[in-house]
$ cat query15.pdb   # PDB, C-alpha atoms and all ligand atoms
MODEL        1
ATOM      1  CA  MET A   1     -49.745-159.812  50.644  1.00  0.00           C
ATOM      2  CA  TYR A   2     -47.156-160.485  53.344  1.00  0.00           C
ATOM      3  CA  THR A   3     -47.667-162.121  56.724  1.00  0.00           C
ATOM      4  CA  GLN A   4     -46.242-160.458  59.828  1.00  0.00           C
ATOM      5  CA  GLU A   5     -43.835-163.398  60.145  1.00  0.00           C
ATOM      6  CA  GLN A   6     -42.463-162.736  56.650  1.00  0.00           C
ATOM      7  CA  ILE A   7     -42.098-159.017  57.387  1.00  0.00           C
ATOM      8  CA  ASP A   8     -40.254-159.789  60.639  1.00  0.00           C
ATOM      9  CA  LYS A   9     -37.760-161.938  58.720  1.00  0.00           C
ATOM     10  CA  ILE A  10     -37.278-159.242  56.076  1.00  0.00           C
ATOM     11  CA  ASN A  11     -36.592-156.656  58.783  1.00  0.00           C
ATOM     12  CA  LEU A  12     -33.983-158.915  60.360  1.00  0.00           C
ATOM     13  CA  SER A  13     -32.190-159.243  57.012  1.00  0.00           C
ATOM     14  CA  LEU A  14     -32.015-155.464  56.382  1.00  0.00           C
ATOM     15  CA  LYS A  15     -29.200-153.589  58.074  1.00  0.00           C
ATOM     16  CA  THR A  16     -29.197-150.163  56.421  1.00  0.00           C
ATOM     17  CA  PRO A  17     -31.671-147.784  54.743  1.00  0.00           C
ATOM     18  CA  GLU A  18     -30.066-148.624  51.410  1.00  0.00           C
ATOM     19  CA  ASP A  19     -30.660-152.382  52.052  1.00  0.00           C
ATOM     20  CA  ALA A  20     -34.342-151.637  52.642  1.00  0.00           C
ATOM     21  CA  LEU A  21     -34.633-149.527  49.496  1.00  0.00           C
ATOM     22  CA  ARG A  22     -32.830-152.070  47.289  1.00  0.00           C
ATOM     23  CA  TRP A  23     -35.125-154.826  48.586  1.00  0.00           C
ATOM     24  CA  ALA A  24     -38.201-152.631  48.092  1.00  0.00           C
ATOM     25  CA  TYR A  25     -37.471-151.512  44.529  1.00  0.00           C
ATOM     26  CA  ASP A  26     -36.372-155.021  43.456  1.00  0.00           C
ATOM     27  CA  THR A  27     -39.562-156.442  44.918  1.00  0.00           C
ATOM     28  CA  PHE A  28     -42.213-153.929  43.887  1.00  0.00           C
ATOM     29  CA  GLY A  29     -40.950-152.470  40.583  1.00  0.00           C
ATOM     30  CA  ASP A  30     -43.164-149.581  39.480  1.00  0.00           C
ATOM     31  CA  LYS A  31     -45.845-150.396  42.055  1.00  0.00           C
ATOM     32  CA  ILE A  32     -43.961-148.562  44.760  1.00  0.00           C
ATOM     33  CA  ALA A  33     -43.698-144.792  45.236  1.00  0.00           C
ATOM     34  CA  LYS A  34     -42.185-142.405  47.757  1.00  0.00           C
ATOM     35  CA  ALA A  35     -44.507-140.011  49.575  1.00  0.00           C
ATOM     36  CA  SER A  36     -42.960-136.600  50.131  1.00  0.00           C
ATOM     37  CA  SER A  37     -44.091-133.660  52.238  1.00  0.00           C
ATOM     38  CA  PHE A  38     -40.726-131.951  51.605  1.00  0.00           C
ATOM     39  CA  GLY A  39     -39.466-132.050  55.153  1.00  0.00           C
ATOM     40  CA  PRO A  40     -35.760-132.625  55.900  1.00  0.00           C
ATOM     41  CA  GLU A  41     -36.259-136.400  56.152  1.00  0.00           C
ATOM     42  CA  ASP A  42     -37.765-136.424  52.666  1.00  0.00           C
ATOM     43  CA  SER A  43     -34.663-134.727  51.263  1.00  0.00           C
ATOM     44  CA  VAL A  44     -32.533-137.534  52.735  1.00  0.00           C
ATOM     45  CA  VAL A  45     -34.683-140.457  51.606  1.00  0.00           C
ATOM     46  CA  THR A  46     -35.139-138.976  48.134  1.00  0.00           C
ATOM     47  CA  ASP A  47     -31.367-138.793  47.680  1.00  0.00           C
ATOM     48  CA  MET A  48     -31.013-142.414  48.822  1.00  0.00           C
ATOM     49  CA  ILE A  49     -33.775-143.648  46.516  1.00  0.00           C
ATOM     50  CA  ILE A  50     -32.371-141.992  43.410  1.00  0.00           C
ATOM     51  CA  LYS A  51     -29.076-143.819  43.972  1.00  0.00           C
ATOM     52  CA  VAL A  52     -30.932-147.141  44.134  1.00  0.00           C
ATOM     53  CA  ASN A  53     -33.450-146.446  41.366  1.00  0.00           C
ATOM     54  CA  PRO A  54     -33.094-143.237  39.274  1.00  0.00           C
ATOM     55  CA  LYS A  55     -36.521-143.875  37.727  1.00  0.00           C
ATOM     56  CA  ALA A  56     -38.349-144.242  41.045  1.00  0.00           C
ATOM     57  CA  ARG A  57     -41.820-142.753  41.432  1.00  0.00           C
ATOM     58  CA  PHE A  58     -42.533-139.905  43.883  1.00  0.00           C
ATOM     59  CA  PHE A  59     -45.832-138.382  44.897  1.00  0.00           C
ATOM     60  CA  THR A  60     -46.940-135.512  47.102  1.00  0.00           C
ATOM     61  CA  LEU A  61     -50.215-134.257  48.514  1.00  0.00           C
ATOM     62  CA  ASP A  62     -50.893-130.632  47.614  1.00  0.00           C
ATOM     63  CA  THR A  63     -53.481-129.614  50.187  1.00  0.00           C
ATOM     64  CA  GLY A  64     -53.818-126.123  48.721  1.00  0.00           C
ATOM     65  CA  ARG A  65     -52.550-124.681  52.021  1.00  0.00           C
ATOM     66  CA  LEU A  66     -48.786-125.242  51.708  1.00  0.00           C
ATOM     67  CA  ASN A  67     -45.986-122.701  52.219  1.00  0.00           C
ATOM     68  CA  GLN A  68     -44.193-121.186  49.221  1.00  0.00           C
ATOM     69  CA  GLU A  69     -40.941-122.613  50.666  1.00  0.00           C
ATOM     70  CA  THR A  70     -42.403-126.099  50.219  1.00  0.00           C
ATOM     71  CA  TYR A  71     -43.160-125.465  46.546  1.00  0.00           C
ATOM     72  CA  ASP A  72     -39.654-124.027  46.155  1.00  0.00           C
ATOM     73  CA  VAL A  73     -37.927-127.135  47.480  1.00  0.00           C
ATOM     74  CA  MET A  74     -40.211-129.357  45.434  1.00  0.00           C
ATOM     75  CA  ASP A  75     -39.075-127.465  42.359  1.00  0.00           C
ATOM     76  CA  ALA A  76     -35.400-127.675  43.377  1.00  0.00           C
ATOM     77  CA  ILE A  77     -35.581-131.432  44.048  1.00  0.00           C
ATOM     78  CA  SER A  78     -37.504-132.007  40.853  1.00  0.00           C
ATOM     79  CA  LYS A  79     -34.793-130.239  38.831  1.00  0.00           C
ATOM     80  CA  LYS A  80     -31.819-131.787  40.641  1.00  0.00           C
ATOM     81  CA  TYR A  81     -32.979-135.390  40.282  1.00  0.00           C
ATOM     82  CA  LYS A  82     -35.223-135.018  37.217  1.00  0.00           C
ATOM     83  CA  ILE A  83     -38.228-136.204  39.208  1.00  0.00           C
ATOM     84  CA  ASN A  84     -41.700-135.695  37.820  1.00  0.00           C
ATOM     85  CA  PHE A  85     -43.698-135.552  41.059  1.00  0.00           C
ATOM     86  CA  GLU A  86     -47.164-137.076  40.938  1.00  0.00           C
ATOM     87  CA  VAL A  87     -49.071-134.276  42.679  1.00  0.00           C
ATOM     88  CA  MET A  88     -52.311-135.386  44.306  1.00  0.00           C
ATOM     89  CA  PHE A  89     -54.946-132.685  44.849  1.00  0.00           C
ATOM     90  CA  PRO A  90     -58.079-132.895  46.996  1.00  0.00           C
ATOM     91  CA  ASP A  91     -61.484-133.269  45.390  1.00  0.00           C
ATOM     92  CA  THR A  92     -62.584-129.706  44.597  1.00  0.00           C
ATOM     93  CA  THR A  93     -66.277-130.375  45.263  1.00  0.00           C
ATOM     94  CA  GLN A  94     -65.479-131.714  48.731  1.00  0.00           C
ATOM     95  CA  VAL A  95     -63.221-128.735  49.542  1.00  0.00           C
ATOM     96  CA  GLU A  96     -65.830-126.262  48.301  1.00  0.00           C
ATOM     97  CA  GLN A  97     -68.563-127.906  50.374  1.00  0.00           C
ATOM     98  CA  MET A  98     -66.362-127.991  53.500  1.00  0.00           C
ATOM     99  CA  VAL A  99     -65.313-124.343  53.207  1.00  0.00           C
ATOM    100  CA  ARG A 100     -68.873-123.214  52.463  1.00  0.00           C
ATOM    101  CA  THR A 101     -70.307-124.931  55.545  1.00  0.00           C
ATOM    102  CA  LYS A 102     -67.426-124.695  58.052  1.00  0.00           C
ATOM    103  CA  GLY A 103     -65.359-121.681  56.981  1.00  0.00           C
ATOM    104  CA  ILE A 104     -61.925-121.253  55.429  1.00  0.00           C
ATOM    105  CA  ASN A 105     -60.044-121.606  58.754  1.00  0.00           C
ATOM    106  CA  LEU A 106     -62.278-124.323  60.217  1.00  0.00           C
ATOM    107  CA  PHE A 107     -59.306-126.225  61.697  1.00  0.00           C
ATOM    108  CA  TYR A 108     -58.915-123.709  64.535  1.00  0.00           C
ATOM    109  CA  ASP A 109     -62.521-124.177  65.685  1.00  0.00           C
ATOM    110  CA  SER A 110     -62.411-127.813  66.857  1.00  0.00           C
ATOM    111  CA  VAL A 111     -60.432-131.049  66.631  1.00  0.00           C
ATOM    112  CA  ASP A 112     -63.285-132.532  64.580  1.00  0.00           C
ATOM    113  CA  ASN A 113     -63.046-129.696  62.069  1.00  0.00           C
ATOM    114  CA  ARG A 114     -59.278-130.053  61.874  1.00  0.00           C
ATOM    115  CA  LYS A 115     -59.600-133.779  61.263  1.00  0.00           C
ATOM    116  CA  LEU A 116     -62.238-133.162  58.587  1.00  0.00           C
ATOM    117  CA  CYS A 117     -59.900-130.778  56.786  1.00  0.00           C
ATOM    118  CA  CYS A 118     -57.009-133.282  56.998  1.00  0.00           C
ATOM    119  CA  GLU A 119     -59.351-136.030  55.816  1.00  0.00           C
ATOM    120  CA  ILE A 120     -60.443-134.104  52.724  1.00  0.00           C
ATOM    121  CA  ARG A 121     -57.156-132.407  51.870  1.00  0.00           C
ATOM    122  CA  LYS A 122     -54.732-135.218  52.781  1.00  0.00           C
ATOM    123  CA  VAL A 123     -56.174-138.592  53.748  1.00  0.00           C
ATOM    124  CA  ARG A 124     -58.497-139.142  50.777  1.00  0.00           C
ATOM    125  CA  PRO A 125     -55.924-138.088  48.144  1.00  0.00           C
ATOM    126  CA  LEU A 126     -53.398-140.375  49.866  1.00  0.00           C
ATOM    127  CA  ASN A 127     -55.848-143.283  49.898  1.00  0.00           C
ATOM    128  CA  LYS A 128     -56.519-142.703  46.213  1.00  0.00           C
ATOM    129  CA  ILE A 129     -52.904-143.119  45.143  1.00  0.00           C
ATOM    130  CA  LEU A 130     -52.106-145.875  47.648  1.00  0.00           C
ATOM    131  CA  SER A 131     -55.000-147.938  46.299  1.00  0.00           C
ATOM    132  CA  THR A 132     -52.986-148.219  43.061  1.00  0.00           C
ATOM    133  CA  LEU A 133     -49.710-149.255  44.758  1.00  0.00           C
ATOM    134  CA  ASP A 134     -48.294-152.390  46.406  1.00  0.00           C
ATOM    135  CA  ALA A 135     -45.875-150.432  48.611  1.00  0.00           C
ATOM    136  CA  TRP A 136     -44.864-146.919  49.605  1.00  0.00           C
ATOM    137  CA  VAL A 137     -41.812-145.265  51.123  1.00  0.00           C
ATOM    138  CA  THR A 138     -41.882-142.644  53.873  1.00  0.00           C
ATOM    139  CA  GLY A 139     -39.414-140.453  55.762  1.00  0.00           C
ATOM    140  CA  LEU A 140     -40.818-141.370  59.186  1.00  0.00           C
ATOM    141  CA  ARG A 141     -38.535-141.538  62.218  1.00  0.00           C
ATOM    142  CA  LYS A 142     -39.342-143.184  65.547  1.00  0.00           C
ATOM    143  CA  ASP A 143     -38.505-140.194  67.707  1.00  0.00           C
ATOM    144  CA  GLN A 144     -40.812-137.813  65.817  1.00  0.00           C
ATOM    145  CA  ASN A 145     -43.590-138.627  68.265  1.00  0.00           C
ATOM    146  CA  GLU A 146     -45.069-141.351  70.443  1.00  0.00           C
ATOM    147  CA  ASN A 147     -47.347-142.570  67.641  1.00  0.00           C
ATOM    148  CA  ARG A 148     -44.325-143.450  65.515  1.00  0.00           C
ATOM    149  CA  SER A 149     -42.144-145.025  68.214  1.00  0.00           C
ATOM    150  CA  LYS A 150     -43.326-148.541  67.379  1.00  0.00           C
ATOM    151  CA  ALA A 151     -42.773-148.332  63.619  1.00  0.00           C
ATOM    152  CA  ALA A 152     -40.299-150.681  61.882  1.00  0.00           C
ATOM    153  CA  MET A 153     -38.189-150.297  58.752  1.00  0.00           C
ATOM    154  CA  VAL A 154     -40.588-152.490  56.804  1.00  0.00           C
ATOM    155  CA  GLU A 155     -44.155-153.022  57.930  1.00  0.00           C
ATOM    156  CA  ILE A 156     -47.609-154.014  56.813  1.00  0.00           C
ATOM    157  CA  ASP A 157     -49.754-150.917  56.388  1.00  0.00           C
ATOM    158  CA  LYS A 158     -53.051-152.077  57.840  1.00  0.00           C
ATOM    159  CA  LEU A 159     -54.559-148.623  57.332  1.00  0.00           C
ATOM    160  CA  HIS A 160     -54.109-148.954  53.582  1.00  0.00           C
ATOM    161  CA  GLY A 161     -55.263-152.425  52.654  1.00  0.00           C
ATOM    162  CA  GLY A 162     -52.209-154.325  53.870  1.00  0.00           C
ATOM    163  CA  ILE A 163     -49.741-152.898  51.354  1.00  0.00           C
ATOM    164  CA  VAL A 164     -46.113-152.639  52.471  1.00  0.00           C
ATOM    165  CA  LYS A 165     -44.720-149.462  54.023  1.00  0.00           C
ATOM    166  CA  ILE A 166     -40.982-148.866  53.979  1.00  0.00           C
ATOM    167  CA  ASN A 167     -39.504-146.404  56.495  1.00  0.00           C
ATOM    168  CA  PRO A 168     -35.777-146.506  55.626  1.00  0.00           C
ATOM    169  CA  ILE A 169     -34.579-143.974  58.219  1.00  0.00           C
ATOM    170  CA  ILE A 170     -36.970-144.998  60.978  1.00  0.00           C
ATOM    171  CA  ASP A 171     -34.079-145.441  63.455  1.00  0.00           C
ATOM    172  CA  TRP A 172     -32.233-142.255  62.514  1.00  0.00           C
ATOM    173  CA  SER A 173     -31.832-139.348  64.872  1.00  0.00           C
ATOM    174  CA  TRP A 174     -32.581-135.733  63.970  1.00  0.00           C
ATOM    175  CA  ASP A 175     -28.822-135.019  63.991  1.00  0.00           C
ATOM    176  CA  GLN A 176     -28.197-137.782  61.444  1.00  0.00           C
ATOM    177  CA  VAL A 177     -30.771-136.202  59.141  1.00  0.00           C
ATOM    178  CA  LEU A 178     -29.178-132.768  59.410  1.00  0.00           C
ATOM    179  CA  SER A 179     -25.651-134.159  58.927  1.00  0.00           C
ATOM    180  CA  TYR A 180     -26.671-136.082  55.795  1.00  0.00           C
ATOM    181  CA  ILE A 181     -28.238-132.959  54.261  1.00  0.00           C
ATOM    182  CA  LYS A 182     -25.164-130.868  55.066  1.00  0.00           C
ATOM    183  CA  GLU A 183     -22.564-133.412  53.924  1.00  0.00           C
ATOM    184  CA  LYS A 184     -24.305-134.018  50.588  1.00  0.00           C
ATOM    185  CA  ASN A 185     -25.368-130.390  50.150  1.00  0.00           C
ATOM    186  CA  LEU A 186     -28.955-131.463  49.433  1.00  0.00           C
ATOM    187  CA  PRO A 187     -31.832-129.155  48.598  1.00  0.00           C
ATOM    188  CA  TYR A 188     -33.943-128.760  51.732  1.00  0.00           C
ATOM    189  CA  ASN A 189     -36.994-126.834  52.815  1.00  0.00           C
ATOM    190  CA  LYS A 190     -35.858-123.336  53.846  1.00  0.00           C
ATOM    191  CA  LEU A 191     -38.505-123.323  56.580  1.00  0.00           C
ATOM    192  CA  LEU A 192     -35.977-125.423  58.494  1.00  0.00           C
ATOM    193  CA  ASP A 193     -33.744-122.335  58.831  1.00  0.00           C
ATOM    194  CA  GLN A 194     -36.727-120.433  60.259  1.00  0.00           C
ATOM    195  CA  GLY A 195     -37.283-122.987  63.056  1.00  0.00           C
ATOM    196  CA  TYR A 196     -39.624-125.429  61.327  1.00  0.00           C
ATOM    197  CA  PRO A 197     -38.217-128.989  61.675  1.00  0.00           C
ATOM    198  CA  SER A 198     -41.610-130.512  60.817  1.00  0.00           C
ATOM    199  CA  ILE A 199     -43.264-129.322  57.620  1.00  0.00           C
ATOM    200  CA  GLY A 200     -47.014-129.226  57.177  1.00  0.00           C
ATOM    201  CA  CYS A 201     -49.686-126.838  55.970  1.00  0.00           C
ATOM    202  CA  GLU A 202     -48.975-123.126  56.471  1.00  0.00           C
ATOM    203  CA  PRO A 203     -51.881-122.323  58.830  1.00  0.00           C
ATOM    204  CA  CYS A 204     -51.278-125.433  60.960  1.00  0.00           C
ATOM    205  CA  THR A 205     -47.513-125.268  61.476  1.00  0.00           C
ATOM    206  CA  ARG A 206     -45.426-122.774  63.406  1.00  0.00           C
ATOM    207  CA  ALA A 207     -41.741-122.457  64.226  1.00  0.00           C
ATOM    208  CA  ILE A 208     -40.597-124.147  67.446  1.00  0.00           C
ATOM    209  CA  LYS A 209     -38.593-122.638  70.286  1.00  0.00           C
ATOM    210  CA  PRO A 210     -35.245-124.076  71.489  1.00  0.00           C
ATOM    211  CA  GLY A 211     -35.893-127.183  73.607  1.00  0.00           C
ATOM    212  CA  GLU A 212     -39.372-127.813  72.251  1.00  0.00           C
ATOM    213  CA  ASP A 213     -40.351-131.181  70.767  1.00  0.00           C
ATOM    214  CA  LEU A 214     -39.634-131.324  67.011  1.00  0.00           C
ATOM    215  CA  ARG A 215     -43.327-131.690  66.195  1.00  0.00           C
ATOM    216  CA  ALA A 216     -44.497-129.118  68.740  1.00  0.00           C
ATOM    217  CA  GLY A 217     -45.191-126.680  65.911  1.00  0.00           C
ATOM    218  CA  ARG A 218     -47.791-128.918  64.280  1.00  0.00           C
ATOM    219  CA  TRP A 219     -51.405-128.149  65.332  1.00  0.00           C
ATOM    220  CA  TRP A 220     -49.884-126.381  68.339  1.00  0.00           C
ATOM    221  CA  TRP A 221     -53.299-125.477  69.722  1.00  0.00           C
ATOM    222  CA  GLU A 222     -54.211-129.180  70.212  1.00  0.00           C
ATOM    223  CA  SER A 223     -53.060-131.701  72.814  1.00  0.00           C
ATOM    224  CA  ASP A 224     -50.333-134.195  71.805  1.00  0.00           C
ATOM    225  CA  THR A 225     -52.710-137.160  71.594  1.00  0.00           C
ATOM    226  CA  HIS A 226     -54.480-135.631  68.572  1.00  0.00           C
ATOM    227  CA  LYS A 227     -51.331-134.712  66.663  1.00  0.00           C
ATOM    228  CA  GLU A 228     -51.522-136.904  63.583  1.00  0.00           C
ATOM    229  CA  CYS A 229     -53.356-136.125  60.382  1.00  0.00           C
ATOM    230  CA  GLY A 230     -54.507-139.697  59.757  1.00  0.00           C
ATOM    231  CA  LEU A 231     -51.758-140.619  57.273  1.00  0.00           C
ATOM    232  CA  HIS A 232     -49.765-142.736  59.745  1.00  0.00           C
ATOM    233  CA  MET A 233     -52.182-143.455  62.576  1.00  0.00           C
ATOM    234  CA  ASP A 234     -51.686-147.227  62.797  1.00  0.00           C
ATOM    235  CA  HIS A 235     -48.952-146.812  65.441  1.00  0.00           C
ATOM    236  CA  LYS A 236     -51.185-144.891  67.776  1.00  0.00           C
ATOM    237  CA  THR A 237     -51.077-146.343  71.232  1.00  0.00           C
TER
HETATM  238  S1  LIG B 301     -52.822-129.584  58.254  1.00  0.00           S
HETATM  239 FE1  LIG B 301     -54.373-127.956  58.535  1.00  0.00          FE
HETATM  240  S2  LIG B 301     -54.778-127.003  56.525  1.00  0.00           S
HETATM  241 FE2  LIG B 301     -53.617-128.933  56.235  1.00  0.00          FE
HETATM  242  S3  LIG B 301     -55.173-130.424  55.775  1.00  0.00           S
HETATM  243 FE3  LIG B 301     -54.812-130.567  57.995  1.00  0.00          FE
HETATM  244  S4  LIG B 301     -56.217-129.098  58.964  1.00  0.00           S
HETATM  245 FE4  LIG B 301     -56.225-128.688  56.748  1.00  0.00          FE
ENDMDL
END
$ encode --input "query15.pdb" --output "structure tokens" --more "lines below"
Ligand code: SF4
Amino acid sequence: MYTQEQIDKINLSLKTPEDALRWAYDTFGDKIAKASSFGPEDSVVTDMIIKVNPKARFFTLDTGRLNQETYDVMDAISKKYKINFEVMFPDTTQVEQMVRTKGINLFYDSVDNRKLCCEIRKVRPLNKILSTLDAWVTGLRKDQNENRSKAAMVEIDKLHGGIVKINPIIDWSWDQVLSYIKEKNLPYNKLLDQGYPSIGCEPCTRAIKPGEDLRAGRWWWESDTHKECGLHMDHKT
């Protein structure tokens, strides 16, 4: 367990994403894993991690409602880097019960229903794997939305028992992400070419129009204040 003072000092000593990843993998060994939802940021951070630790662990949450393009890039990344993704699925009994009582497309009916679906399909599987780890790595960036604007490169994840959360590209811009993918010719989610900068579940994500916020396509029928699925809510203002 780290104190906030210790984390502040660590952040001051880390200048680049690679610094953060080297520190993280040296410190946490096999008790750290990268969470991937196969968005563009995940392509970048995955490439960085493999250079620091080719045997690093990666996990993903398969909600059962993902796009085929997401499975395709998972397969491409898995083959390129020889990654055996730890795929976390929701509890089938809980999904069956939810669908039976609320309907298959319950998320469109109310914010509460949408949060229930995210809770069962994403939050609980995430909690399950994080309870076995000392640290995790994300592809979060500050300018993705207001909730993430206060995040640091290394932080204490109070939502998940005080384990450490590493956000190596937290200060990167969207253009930096795109440039890195292009320069290194990385596999990326083809939904990006169809106007999807933020990747989520198929029924809850749409393409954005020019000039729209990068996360405008997520849960587009809700107001901005609700737009997190509960995986990274500790920065909510
Ligand atoms: S994003 Fe939509 S489909 Fe996916 S878990 Fe949340 S509510 Fe359910």
$ atom_distance --input "query15.pdb" --atom1 "atom CA of Pro17 of chain A" --atom2 "atom CA of Asp171 of chain A"
9.3 Å
$ residues_near_ligand --input "query15.pdb" --ligand "ligand LIG 301 (chain B)" --cutoff "6 Å" --atoms "all atoms listed in the file" --output "mmCIF file with C-alpha atoms, in the coordinates of the input"
data_model
loop_
_atom_site.group_PDB
_atom_site.id
_atom_site.type_symbol
_atom_site.label_atom_id
_atom_site.label_comp_id
_atom_site.auth_asym_id
_atom_site.auth_seq_id
_atom_site.Cartn_x
_atom_site.Cartn_y
_atom_site.Cartn_z
ATOM 1 C CA THR A 63 -53.481 -129.614 50.187
ATOM 2 C CA ARG A 65 -52.550 -124.681 52.021
ATOM 3 C CA PHE A 107 -59.306 -126.225 61.697
ATOM 4 C CA ARG A 114 -59.278 -130.053 61.874
ATOM 5 C CA CYS A 117 -59.900 -130.778 56.786
ATOM 6 C CA CYS A 118 -57.009 -133.282 56.998
ATOM 7 C CA ARG A 121 -57.156 -132.407 51.870
ATOM 8 C CA LYS A 122 -54.732 -135.218 52.781
ATOM 9 C CA GLY A 200 -47.014 -129.226 57.177
ATOM 10 C CA CYS A 201 -49.686 -126.838 55.970
ATOM 11 C CA PRO A 203 -51.881 -122.323 58.830
ATOM 12 C CA CYS A 204 -51.278 -125.433 60.960
#
$ closest_residue --input "query15.pdb" --among "A:Asp112, A:Asp157, A:Glu119, A:Asp62" --to "Trp136 of chain A" --atoms "all atoms listed in the file"
A:Asp157
$ resolve_selection --input "query15.pdb" --expression "the PyMOL selection byres (((chain A and resi 4) around 12) and not hetatm)" --output "list in words"
Met1, Tyr2, Thr3, Glu5, Gln6, Ile7, Asp8, Lys9, Ile10, Asn11, Ala152, Val154, Glu155, Ile156, Asp157, Lys158, Gly162, Ile163 and Val164 of chain A
$ resolve_selection --input "query15.pdb" --expression "the PyMOL selection byres (((chain A and resi 197) around 9) and not hetatm)" --output "mmCIF file with C-alpha atoms, keeping the file's coordinate frame"
data_model
loop_
_atom_site.group_PDB
_atom_site.id
_atom_site.type_symbol
_atom_site.label_atom_id
_atom_site.label_comp_id
_atom_site.auth_asym_id
_atom_site.auth_seq_id
_atom_site.Cartn_x
_atom_site.Cartn_y
_atom_site.Cartn_z
ATOM 1 C CA GLY A 39 -39.466 -132.050 55.153
ATOM 2 C CA PRO A 40 -35.760 -132.625 55.900
ATOM 3 C CA LEU A 191 -38.505 -123.323 56.580
ATOM 4 C CA LEU A 192 -35.977 -125.423 58.494
ATOM 5 C CA ASP A 193 -33.744 -122.335 58.831
ATOM 6 C CA GLN A 194 -36.727 -120.433 60.259
ATOM 7 C CA GLY A 195 -37.283 -122.987 63.056
ATOM 8 C CA TYR A 196 -39.624 -125.429 61.327
ATOM 9 C CA SER A 198 -41.610 -130.512 60.817
ATOM 10 C CA ILE A 199 -43.264 -129.322 57.620
ATOM 11 C CA ALA A 207 -41.741 -122.457 64.226
ATOM 12 C CA ILE A 208 -40.597 -124.147 67.446
ATOM 13 C CA LEU A 214 -39.634 -131.324 67.011
ATOM 14 C CA ARG A 215 -43.327 -131.690 66.195
ATOM 15 C CA GLY A 217 -45.191 -126.680 65.911
#
$ closest_atom_pairs --input "query15.pdb" --of "segment 109-219 of chain A" --to "segment 20-34 of chain A" --cutoff "8 Å" --atoms "all atoms listed in the file" --output "JSON lines"
{"residue": "A:Thr132", "atom": "CA", "partner": "A:Lys31", "partner_atom": "CA", "distance": 7.5}
{"residue": "A:Leu133", "atom": "CA", "partner": "A:Lys31", "partner_atom": "CA", "distance": 4.9}
{"residue": "A:Asp134", "atom": "CA", "partner": "A:Lys31", "partner_atom": "CA", "distance": 5.4}
{"residue": "A:Ala135", "atom": "CA", "partner": "A:Ile32", "partner_atom": "CA", "distance": 4.7}
{"residue": "A:Trp136", "atom": "CA", "partner": "A:Ala33", "partner_atom": "CA", "distance": 5.0}
{"residue": "A:Val137", "atom": "CA", "partner": "A:Lys34", "partner_atom": "CA", "distance": 4.4}
{"residue": "A:Thr138", "atom": "CA", "partner": "A:Lys34", "partner_atom": "CA", "distance": 6.1}
{"residue": "A:Met153", "atom": "CA", "partner": "A:Ala20", "partner_atom": "CA", "distance": 7.3}
{"residue": "A:Val154", "atom": "CA", "partner": "A:Ala20", "partner_atom": "CA", "distance": 7.6}
{"residue": "A:Ile166", "atom": "CA", "partner": "A:Ala20", "partner_atom": "CA", "distance": 7.3}
{"residue": "A:Pro168", "atom": "CA", "partner": "A:Ala20", "partner_atom": "CA", "distance": 6.1}
$ residues_around --input "query15.pdb" --residues "Gln144 of chain A" --least-positions-apart "6" --cutoff "12 Å" --atoms "only C-alpha atoms" --output "list in words"
Glu41, Lys150, Ala151, Ile169, Ile170, Asp171, Trp172, Ser173, Trp174, Pro197, Ser198, Glu212, Asp213, Leu214, Arg215, Ala216, Gly217, Arg218, Asp224, Lys227, Glu228 and His232 of chain A
$ closest_residue --input "query15.pdb" --among "A:Trp219, A:Ala35, A:Thr60, A:Thr205" --to "Lys165 of chain A" --atoms "all atoms listed in the file"
A:Ala35
$ closest_residue --input "query15.pdb" --among "A:Tyr71, A:Leu159, A:Ile120, A:Ile49" --to "Glu96 of chain A" --atoms "only C-alpha atoms"
A:Ile120
$ closest_residue --input "query15.pdb" --among "A:Met98, A:Leu12, A:Ile104, A:Leu231" --to "Ser37 of chain A" --atoms "all atoms listed in the file"
A:Leu231
$ closest_residue --input "query15.pdb" --among "A:Gly139, A:Pro54, A:Gly161, A:Pro187" --to "Ile83 of chain A" --atoms "all atoms listed in the file"
A:Pro54
$ atom_distance --input "query15.pdb" --atom1 "atom CA of Arg124 of chain A" --atom2 "atom CA of Gln68 of chain A"
23.0 Å
$ atom_distance --input "query15.pdb" --atom1 "atom CA of Ile50 of chain A" --atom2 "atom CA of Tyr81 of chain A"
7.3 Å
$ closest_residue --input "query15.pdb" --among "A:Thr93, A:Thr16, A:Ser36, A:Thr70" --to "Lys190 of chain A" --atoms "all atoms listed in the file"
A:Thr70
$ axis_aligned_box --input "query15.pdb" --around "segment 182-189 of chain A" --padding-each-side "8 Å" --output "AutoDock Vina command-line options"
--center_x -29.8 --center_y -130.4 --center_z 51.8 --size_x 30.4 --size_y 23.2 --size_z 22.5
$ residues_around --input "query15.pdb" --residues "Lys184 of chain A" --least-positions-apart "3" --cutoff "12 Å" --atoms "only C-alpha atoms" --output "JSON, numbers by chain"
{"A": [43, 44, 47, 48, 177, 178, 179, 180, 181, 187, 188]}
